[in-house]
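**Student:** One structure, as structure tokens, below. Some questions next.
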Amino acid sequence: MKMRRMVKVAATAALALCVTALGPAAASAQDTPGAAATAYVALGDSYSSGVGAGSYDNDSGDCRRSTVAYPQLWADANAPSSFDFTACSGARTTDVIATQLDPLSANTTLVSISIGGNDAGFADTMQTCVLSGTSACLSAVATANQYITDTLPGRLDAVYDAIRAAAPNAEVVVLGYPRMYELGGSCVFGISEESRAAINSASDNLSEVTAKRAADHGFAYGDVRPAFTGHEICSSDPWLHSVTLPVTDSYHPTAAGQSGGYYPVMEDLV
């Protein structure tokens, strides 16, 4: 009897040790499928499609989706179970609603988007600033700021509502825009310092409005301005193109801006 009891106690202890040892591994194994089950859809404009970064997918045509844009970098690093990349150069909020939402469903678990810059007339404002001098630039920036303050919130609400309706279970990450210029930087030629400061102020306004609308919808907001600080145009290590060829790459992030600016912000939020 004494020997049987000793054997039973030893067996029980061994079983308990085995269960304890396997517990964390079992939990880890259960966690892995969850991580791999992410269904990711990347929406948005040229800052999300990767214009300026090069290495474009030929099948994306004028949308110019880059293989080194932050959505693709995130997908490459995290291996989601599905990845749909519908962001497109030139997109406005209405374009997202009309043409980019088809991949969304109740099974979508992650959505990213940058949008609003084209609605506010970013490209036209920059063209005015480059070609028409300081006075015209300041007037164009003022017009853009008024749009950002008065009209853009409703446009963002519409696109955010549409995303939530189409993907009710998804985590939604909204990415903002960087400031364009390092003030007092190394640029000798180009637009005036007053124009650069005004453009940066409009970028701040756009960031603040977008952050507020995202928060009110329960979405995460990724402010990329800190990541790009020290890497604006006129800095010693710019991650943004100034005027360049092709012209459509102008004032967009380089490949380094996507990998060093946008991607880490996206990764930190998900």
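Simple scheme: letters A, B, ... for chains in structure tokens order, numbers from 1 for residues in each chain, numbers from 1 for ligands in the order shown.
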Apply DSSP to the backbone of this structure and, from range 131-233 of chain A, keep only the residues in alpha helix (DSSP H); write these as a VMD selection string.
**Tutor:** chain A and resid 131 to 150 152 to 166 193 to 216 225 to 228
**Student:** Skip Phe122 in chain A itself and residues of its chain fewer than 6 positions away, then list as a list in words all residues within 9 Å of it, counting only C-alpha atoms.
**Tutor:**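 Neighbouring residues, sequence-local ones excluded: Gly116, Val141 and Ala144 of chain A.
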**Student:** Under the rule that only C-alpha atoms are counted, which of A:His252, A:Asn205, A:Ser259, A:Trp239 is the nearest residue to Asp150 in chain A?
**Tutor:**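 The closest residue to Asp150 in chain A is A:Asn205.
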**Student:** Pick out the closest residue to Val270 in chain A from this set: A:Glu182, A:Asp102, A:Glu194, A:Glu171. Count only C-alpha atoms.
**Tutor:**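 Looking only at the distances to Val270 in chain A, the closest residue turns out to be A:Glu171.
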**Student:** As an exercise, work out the distance from CA of Val209 in chain A to CA of Leu110 in chain A in Å and give it to one decimal place.
**Tutor:**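 We find that CA of Val209 in chain A and CA of Leu110 in chain A lie 22.4 Å from each other.
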**Student:** What does the distance between CA of Leu183 in chain A and CA of Glu232 in chain A come to in Å, to one decimal place?
**Tutor:**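 So the answer is 9.1 Å.
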**Student:** Ranking A:Asp45, A:Asp237, A:Asp216, A:Asp119 by minimum distance to Asp62 in chain A and counting only C-alpha atoms, which one comes first?
**Tutor:** A:Asp45
**Student:** Find, counting only C-alpha atoms, the residue in A:Tyr40, A:Asp268, A:Pro246, A:Ala136 that gets nearest to Gly54 in chain A.
**Tutor:** A:Pro246
